[in-house]
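Inspection log for the structure reproduced underneath, given as structure tokens.
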Amino acid sequence: MRRFYATTPIYYVNARPHIGHAYCTVVADCARRYEQLRGASTYFLTGSDEHGQKVQEAADKRGMNPQAHVDELHRAFLTLWPELHCLPDQFIRTTEARHRHVVQRALQQLFDAGLIEARVFEGWYSTAAERFWTEKDLVDGKCPDTGQAVVWLQERNYFFLMSRYQQPLIEALQSGTMRILPANRANEVLGFLREPLQDLCISRPKSRLQWGIELPFDRDFVCYVWFDALLNYVTAIGGLGAEAENRALLPEALQPESEGGRGSFATWWPSVTHFLGKDILTTHAVYWPTMLMALGLPIPRTLVVTGWWLMGDAKMSKSLGNVVDPLDLGRRHGMERLRFFLLREMAVGQDANFSEEALIRRANTELANDLGNLLQRVTTLAHRSFGGLVPAPTPADGAARPLSPALRSAIAMGRYLVGDEATGWGAAAADADPGQALPITRNLDEARLHSVLADAMALVGRLNAALSADAPFKTVKDDPVTAANTVYHVLEGLRVAATLLWPAIPVAAEDVLRRVGWHGPVPLLASLRWGDLPAGQELPPIGAPLFARIEALPPPAPAAVVDAPLTATSISTAPAAEGEVAGPPIIGYEAFAALDLRVGVVLQAEAMPKSNKLLRLQVDLGPLGTRQILAGVALHLTPKQLVGTRILVLANLAPRKLMGQESQGMMLLAEGPDGVLLPMRPDGEAPAGSRVS
RNA sequence: GGCUGGGUAGCUCAGUUGGUUAGAGCAAACGACUCAUAAUCGUUAGGUCGUGGGUUCAACUCCCACCCCAGCCA
């Protein structure tokens with residue numbers, strides 16, 4: 001039985017979840033689902049890392065007990081995963097007693113074996129980075145990582161004799177006992193290992209840090225947070241003596257296989273794939289396997305190292321003051337779209353740029369136009385011309401006319417992808433090494449999830465082409481048999497594509513399967529055969545589009561507008577100074593369409609107390625309700641000039657507090673020749689709330 | 001400063017052991033179609049393959065130097 005134990009890093013619960021957390025978990029969840037399609041027995045672990053200095057400090061700052069603090073934050077992570085359609089089997093927390101016991105047993109075992117020893121150590125200590133630096137590491141006498149102050153400390157500490165395992169680790173990497181994907185990351189680790197490996201300080205004196213797991217052999221110290229954290233992968237599945245406690249704690253999940261459960265440590269270890277970001281490569285590729293070697297346990301089989309999402313021009317984001325949270329985008333545009341974007345846009349291991357535009361583009365072109373629209377057009381055909389049933393394909397040896405090249409090409413690709421060689425890719429499949437894996441599984445074994453998705457979408461592309469080339473909607477009158485054949489194969493192709501896409505977009509894929517008349521569970525790859533979709537099945541009624549196109553681009557907020565005063569926009573009549581580019585850059589229509597400009601009727605206007613510039617307006621925006629808008633026009637306009645009149649308002653500007661009051665929009669103004677600000681007003685009868693475009 | 005990886009079409013990237021006209025998707029232009037979500041299909045256009053040298057009959061591919069980007073290490 002193929003086994004696949006997937007882990008994410010346990011996330012440091014010092015801040016709320018961000019895109020990096022979400023991405024790594026989605027990749028692990030997707031990889032795990034692909035393994036399920038391969039028929040593997042799988043287990044998926046995530047969790048939270050709750051010890052360490054930063055947690056203690058954050059709790060202190062809030063005047064809270066650290067445990068109460070982490071209890072609160074871990075909930076934010078716990079609830080995020082179902083929302084992202086990620087289904088971990090277990091969510092472990094390093095503050096759990098069972099984990100404390102594992103860490104202490106591990107420490108004691110290493111100590112007893114003489115693999116942990118006490119040494120006196122001195123150096124510059126950075127509280128912010130939780131580590132010592134040597135004199136020459138310092139930048140301007142400060143911590144090179146955080147720029148914070150450092151103090152000279154001399155202390156006794158305990159060291160794990162990691163250096164002893166340098167050579168075994170090199171051999172494990174070179175032999176492939178532990179694989180690191182993508183492969184260039186393995187080179188990076190081997191490069192790191194060309195230098196002598198240091199021993200690892202695994203203690204922190206309680207005088208500095210209390211929030212951690214106590215060393216069993218010296219109660220004046222707590223354990224270094226990484227030594228503690230990495231062991232979670234073992235605790236969760238019952239290693240190092242955690243089995244009994246797990247059994248009490250996780251009744252339905254981790255019973256030994258002999259008792260009908262899903263297995264325990266012996267089942268899952270070391271068939272593990274650790275998913276992690278490239279920033280924690282050293283801890284996972286060096287500390288962790290050497291710890292395991294010292295403990296006499298097998299080292300992990302695979303590490304998958306993911307890249308970072310770059311959020312574009314950081315300066316821009318900062319000046320906007322409203323960095324777009326990708327998870328909010330997921331909530332706004334749909335989590336399946338976010339999952340698909342994350343998995344499709346970035347090659348696993350590479351960096352990629354995150355932007356709302358890219359997310360919308362990807363969702364519109366591939367999910368709405370290609371996949372969703374194909375489903376819509378073919379099910380419409382089946383309903384209109386074939387009585388809402390899956391039509392019968394022409395038998396392969398039938399006397400009917402040969403398949404069109406476009407349809408043949410689509411079928412061939414589908415068969416190739418799922419390894420259905422019976423009548424498949426012709427010579428290419430026949431000549432292939434019989435032991436060679438399917439293209440899908442070859443990609444999966446190298447963690448190239450993006451390539452698998454690209455293959456699935458290529459199949460969708462060929463199905464669209466086949467449907468256009470064969471035009472059954474046209475030919476059905478004269479040649480219903482051939483038309484039926486085309487419609488059948490497009491439905492079947494959608495079944496195959498949906499299966500291949502299921503790990504990325506499980507909810508949508510299951511919907512596709514249902515809509516093409518497939519009533520069984522998601523097929524396993526091994527049993528996925530072209531032609532298994534039974535003819536004559538009743539199709540459900542044509543529903544709403546699978547993925548509606550996202551039409552309007554939400555605010556990209558052009559710099560020119562952002563930099564303007566917050567309460568009023570000014571259109572200067574002054575000519576551009578010499579040598580300056582005249583005016584802001586040219587923008588596309590989308591940028592303009594993102595502005596929600598409205599006609600507003602001023603219901604009230606009054607001077608703001610203690611301000612000589614601000615007026616506080618209550619503006620009726622019709623369907624948008626009444627907004628409070630603060631406008632810096634008191635020197636130019638009196639409340640009387642505004643009450644009861646109509647003005648133009650930018651309604652979707654991020655709210656902003658001024659002088660203790662919230663401004664929920666911006667009044668549009670132009671600057672007159674003498675510097676006087678003039679309100680922009682609609683000409684005619686446009687009612688409150690009507691859209692300006 | 002050392003090491004690793006990268007610099008290929010407007011954008012994001014493929015390019016196998018050097019070998020014909022350097023590919024794909026998106027964006028663009030034109031055309032087709034009308035079953036479909038202003039979708040789909042087809043065609044076209046667009047590249048001194050970071051810079052400069054070198055090896056070779058032949059270089060995106062190999063070698064040297066340099067520049068730029070990212071990461072790791074110090």
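Simple scheme: letters A, B, ... for chains in structure tokens order, numbers from 1 for residues in each chain, numbers from 1 for ligands in the order shown.
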
Exercise for the section: Give me, as number ranges by chain, the contact residues of chain B against chain A at a cut-off of 6 Å, counting only C-alpha atoms (C1' of nucleotides). Expected result: B: 4, 35-37, 39, 41

Handout entry: Long-range neighbours of region 512-527 of chain A as a PyMOL selection string, 6 Å cut-off, only C-alpha atoms (C1' of nucleotides), 3 positions minimum in chain
Key = chain A and resi 37-38+491+495+509+537+539-540

Save the residues we just selected, C-alpha atoms, as a PDB file, in the first residue's frame?
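Okay, this is what ended up in result.pdb:
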ATOM      1  CA  LEU A  37      -6.460   9.718  -6.493  1.00  0.00           C
ATOM      2  CA  ARG A  38      -3.476   7.432  -6.842  1.00  0.00           C
ATOM      3  CA  LEU A 491     -18.745  15.117 -21.694  1.00  0.00           C
ATOM      4  CA  ARG A 495     -15.161  13.944 -16.600  1.00  0.00           C
ATOM      5  CA  ALA A 509     -14.689  19.446  -9.900  1.00  0.00           C
ATOM      6  CA  GLN A 537     -27.489   8.816 -17.833  1.00  0.00           C
ATOM      7  CA  LEU A 539     -28.086  15.036 -16.786  1.00  0.00           C
ATOM      8  CA  PRO A 540     -29.118  17.448 -14.071  1.00  0.00           C
TER       9      PRO A 540
END

Handout entry: Contact residues around region 6-13 of chain B with only C-alpha atoms (C1' of nucleotides) at 10 Å, ignoring same-chain residues under 4 positions, as number ranges by chain
Key = A: 345-347, 352-353, 358; B: 22, 24-28, 46-47, 49-50, 60, 68-70

Handout entry: Expected answer as number ranges by chain: alpha helix (DSSP H) residues in region 206-337 of chain A
Key = A: 225-230, 232-235, 243-249, 265-268, 281-282, 288-295, 314-320, 326-333, 335-337

Handout entry: Contacts of C63 (chain B) at 12 Å (only C-alpha atoms (C1' of nucleotides); same-chain gap of 5+ positions) as a list in words
Key = G53, G54, U55 and U56 of chain B

Could you save the residues just selected, with C-alpha atoms (C1' of nucleotides), as a short mmCIF file (atom, residue, chain, number, x, y, z; two decimals), in the first residue's frame?
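Here's the written file again-v1.cif:
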data_model
loop_
_atom_site.label_atom_id
_atom_site.label_comp_id
_atom_site.auth_asym_id
_atom_site.auth_seq_id
_atom_site.Cartn_x
_atom_site.Cartn_y
_atom_site.Cartn_z
"C1'" G B 53 34.85 37.70 -25.99
"C1'" G B 54 36.13 32.48 -27.19
"C1'" U B 55 35.62 27.07 -28.94
"C1'" U B 56 32.98 24.84 -33.30
#

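Checking B:G1, B:G71, B:A32, B:G19 one by one against C57 (chain B), counting only C-alpha atoms (C1' of nucleotides), you find the shortest gap at B:G19.
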